[in-house]
Each structure stands twice: as structure tokens, then as C-alpha cells.
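Here the structure is laid out as C-alpha cells; the discussion comes afterwards.
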Amino acid sequence: MKKTPRSIPVASTLGAIRYGIGKTFLGSTVVAWSDKGVCAIFFDQDRDAMVDELRRRFSGEELVAAAKNDQPMMQRILGIIESPKDAVKADLKLDLRGTDFQRRVWVELRKIPALSLIHISEPTRQAEI
């Protein structure tokens, strides 16, 4: 695995990261995924800034704009953003990247039922245990 300047492992053998730009109630949305699953979702009004951020975060990876045959994946992810309650039955795979601690926090976040409210520190506290 390669190391980024922040020492966050980035897999380099998974093939290209595909990405697409869509629109949700949160504004313009960039979604990126690898063969393992979704690895990034950004929200911003500036599409170019989101793509630049994607390039920065995955600087060691090949980034490929979504093709026509990627539209079902894009629509599925945008649909989950629009209707989070559907995430429970979506069984969407994630390509979790980051430090061991960051990945443990993600595991804790995934345990939270859709549309639930918790204190923002709770997943971090659970990951530290």
C-alpha cells in the first residue's frame, strides 16, 4: 500500500476509481467508487472543486469519469442520499480507507440506524474502546 503525506493507507491494486457528478437536495454531488465499493461522496456547489478534491485525496489512483454503463450505480447512490431510509435495504458496499482508527469509526457509524440522532462524539468514543 502507498502512504499519502498524512500516512493514510491508499490501496493501489484495486483498479481505477470511477466517479460521477449528480444533483441531490444537498446540491451538486460527486460520488466515487472502486471495485470494492463507494470510497467518497462530496457535496459542494463548485463541481470543479469537488473533482480537484477527489484528485487530491486519491492522488495515487487512476480516476475515470463515469461512463454510460455506470449510470445505474450513480442513480443508486444518489437515490440513497435523497432517501436515507432506503440505505438499510440497499446493502451498499463501501471501500473504507484511512487509518485503523478512522476505519473503526466507520464501523461504529455503520451501526447507527438510518435517520437516528446521536451525539457526534459517540462513534469516536466507541471506536476508542
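Residues in the C-alpha cells are named by chain (A, B, ... in the order shown) and by number from 1 within that chain; ligands are numbered from 1 in the order shown.
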
Apply DSSP to the structure's backbone, then extract all residues of chain A labelled helix (DSSP H, G or I) and return them as number ranges by chain. A: 47-57, 68-82, 84-90, 100-110, 122-128

Counting only C-alpha atoms, which residues of segment 64-85 of chain A fall within 9 Å of segment 89-110 of chain A, and what is the closest atom pair for each with its distance in Å at one decimal, ordered by chain and rising number, as CSV?
```
residue,atom,partner,partner_atom,distance
A:Arg76,CA,A:Ala90,CA,8.4
A:Ile77,CA,A:Leu92,CA,8.2
A:Ile80,CA,A:Ala90,CA,7.8
A:Lys85,CA,A:Lys89,CA,8.3
```

Would you save the residues from that selection as an mmCIF file, in the first residue's frame, using N, CA, C and O atoms?
```cif
data_model
loop_
_atom_site.group_PDB
_atom_site.id
_atom_site.type_symbol
_atom_site.label_atom_id
_atom_site.label_comp_id
_atom_site.auth_asym_id
_atom_site.auth_seq_id
_atom_site.Cartn_x
_atom_site.Cartn_y
_atom_site.Cartn_z
ATOM 1 N N ARG A 76 -28.266 4.730 -8.074
ATOM 2 C CA ARG A 76 -28.488 4.015 -6.813
ATOM 3 C C ARG A 76 -27.960 4.829 -5.630
ATOM 4 O O ARG A 76 -28.642 5.001 -4.623
ATOM 5 N N ILE A 77 -26.737 5.348 -5.748
ATOM 6 C CA ILE A 77 -26.124 6.109 -4.655
ATOM 7 C C ILE A 77 -26.855 7.436 -4.452
ATOM 8 O O ILE A 77 -27.161 7.820 -3.322
ATOM 9 N N ILE A 80 -30.028 6.872 -2.575
ATOM 10 C CA ILE A 80 -29.830 6.662 -1.137
ATOM 11 C C ILE A 80 -29.632 7.997 -0.432
ATOM 12 O O ILE A 80 -30.150 8.214 0.666
ATOM 13 N N LYS A 85 -33.603 6.444 4.320
ATOM 14 C CA LYS A 85 -34.242 5.254 4.880
ATOM 15 C C LYS A 85 -34.060 4.041 3.972
ATOM 16 O O LYS A 85 -34.106 2.904 4.423
#
```

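Around Phe42 of chain A, within 10 Å and counting only C-alpha atoms, the residues found are Ile21, Leu26, Gly27, Ser28, Thr29, Val30, Val31, Ala32, Ala49, Met50, Val51, Glu53 and Leu54 of chain A, once anything fewer than 6 positions away on its own chain is removed.
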
Kindly export the residues of the current selection with all heavy atoms, as a compact mmCIF listing (two decimals), in the first residue's frame.
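Contents of part-v5.txt, as written:
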```txt
# COMPACT_ATOMS: atom_id res chain seq x y z
N ILE A 21 -20.84 12.93 -11.29
CA ILE A 21 -21.38 14.15 -10.68
C ILE A 21 -22.88 14.15 -10.90
O ILE A 21 -23.36 13.94 -12.00
CB ILE A 21 -20.75 15.41 -11.30
CG1 ILE A 21 -19.23 15.38 -11.12
CG2 ILE A 21 -21.37 16.66 -10.70
CD1 ILE A 21 -18.50 16.47 -11.86
N LEU A 26 -28.95 18.23 -1.48
CA LEU A 26 -27.80 18.87 -0.83
C LEU A 26 -26.96 19.68 -1.82
O LEU A 26 -25.99 20.30 -1.43
CB LEU A 26 -26.92 17.81 -0.16
CG LEU A 26 -27.60 17.04 0.97
CD1 LEU A 26 -26.77 15.84 1.38
CD2 LEU A 26 -27.86 17.96 2.15
N GLY A 27 -27.33 19.66 -3.08
CA GLY A 27 -26.59 20.39 -4.10
C GLY A 27 -25.85 19.44 -5.02
O GLY A 27 -26.16 18.25 -5.10
N SER A 28 -24.86 19.96 -5.72
CA SER A 28 -24.05 19.12 -6.60
C SER A 28 -23.34 18.08 -5.74
O SER A 28 -22.89 18.36 -4.63
CB SER A 28 -23.03 19.95 -7.35
OG SER A 28 -23.68 20.79 -8.27
N THR A 29 -23.23 16.87 -6.29
CA THR A 29 -22.69 15.75 -5.53
C THR A 29 -21.73 14.96 -6.42
O THR A 29 -22.08 14.61 -7.54
CB THR A 29 -23.84 14.82 -5.08
OG1 THR A 29 -24.79 15.60 -4.35
CG2 THR A 29 -23.33 13.69 -4.21
N VAL A 30 -20.54 14.71 -5.90
CA VAL A 30 -19.59 13.82 -6.57
C VAL A 30 -19.57 12.51 -5.80
O VAL A 30 -19.45 12.50 -4.57
CB VAL A 30 -18.16 14.43 -6.63
CG1 VAL A 30 -17.14 13.37 -7.00
CG2 VAL A 30 -18.10 15.56 -7.63
N VAL A 31 -19.72 11.42 -6.53
CA VAL A 31 -19.67 10.08 -5.94
C VAL A 31 -18.53 9.34 -6.62
O VAL A 31 -18.40 9.38 -7.85
CB VAL A 31 -21.00 9.33 -6.19
CG1 VAL A 31 -20.91 7.91 -5.67
CG2 VAL A 31 -22.16 10.07 -5.56
N ALA A 32 -17.69 8.68 -5.81
CA ALA A 32 -16.58 7.90 -6.36
C ALA A 32 -16.64 6.48 -5.79
O ALA A 32 -16.98 6.29 -4.62
CB ALA A 32 -15.24 8.55 -5.99
N ALA A 49 -14.21 22.11 -7.94
CA ALA A 49 -13.54 21.99 -6.64
C ALA A 49 -13.69 20.57 -6.09
O ALA A 49 -12.76 20.03 -5.50
CB ALA A 49 -14.10 23.01 -5.66
N MET A 50 -14.86 19.97 -6.29
CA MET A 50 -15.07 18.60 -5.80
C MET A 50 -14.19 17.61 -6.54
O MET A 50 -13.60 16.71 -5.93
CB MET A 50 -16.54 18.20 -5.92
CG MET A 50 -17.44 18.90 -4.93
SD MET A 50 -19.13 18.26 -4.92
CE MET A 50 -19.72 18.75 -6.54
N VAL A 51 -14.08 17.77 -7.85
CA VAL A 51 -13.23 16.86 -8.63
C VAL A 51 -11.76 17.08 -8.26
O VAL A 51 -11.00 16.12 -8.13
CB VAL A 51 -13.48 17.04 -10.15
CG1 VAL A 51 -12.49 16.22 -10.96
CG2 VAL A 51 -14.92 16.64 -10.48
N GLU A 53 -10.69 17.99 -5.32
CA GLU A 53 -10.54 17.34 -4.02
C GLU A 53 -10.42 15.83 -4.18
O GLU A 53 -9.63 15.17 -3.50
CB GLU A 53 -11.71 17.70 -3.10
CG GLU A 53 -11.65 17.04 -1.74
CD GLU A 53 -10.47 17.46 -0.89
OE1 GLU A 53 -9.79 18.46 -1.21
OE2 GLU A 53 -10.21 16.78 0.13
N LEU A 54 -11.18 15.27 -5.08
CA LEU A 54 -11.10 13.84 -5.36
C LEU A 54 -9.70 13.49 -5.87
O LEU A 54 -9.09 12.52 -5.40
CB LEU A 54 -12.16 13.48 -6.40
CG LEU A 54 -12.49 12.03 -6.61
CD1 LEU A 54 -13.04 11.40 -5.34
CD2 LEU A 54 -13.49 11.88 -7.74
```

May I have all residues of segment 1-95 of chain A that DSSP, computed from the backbone, assigns to strand (DSSP E or B), given as a list of chain:residue names? A:Lys2, A:Lys3, A:Pro9, A:Val10, A:Ile17, A:Arg18, A:Tyr19, A:Gly20, A:Ile21, A:Gly22, A:Lys23, A:Thr24, A:Gly27, A:Ser28, A:Thr29, A:Val30, A:Val31, A:Ala32, A:Trp33, A:Val38, A:Cys39, A:Ala40, A:Ile41, A:Phe42, A:Phe43, A:Leu63, A:Val64, A:Ala65, A:Leu94

My list of candidates is A:Ala16, A:Ala127, A:Pro84, A:Lys23. Which is closest to Arg47 of chain A when distances are computed with only C-alpha atoms?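 Checking each of A:Ala16, A:Ala127, A:Pro84, A:Lys23 against Arg47 of chain A, counting only C-alpha atoms, the winner is A:Lys23.
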
Measuring between only C-alpha atoms, which one of A:Glu128, A:Glu122, A:Asp35, A:Asp44 shows the shortest distance to Gly15 of chain A?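 Closest residue, counting only C-alpha atoms: A:Asp35.
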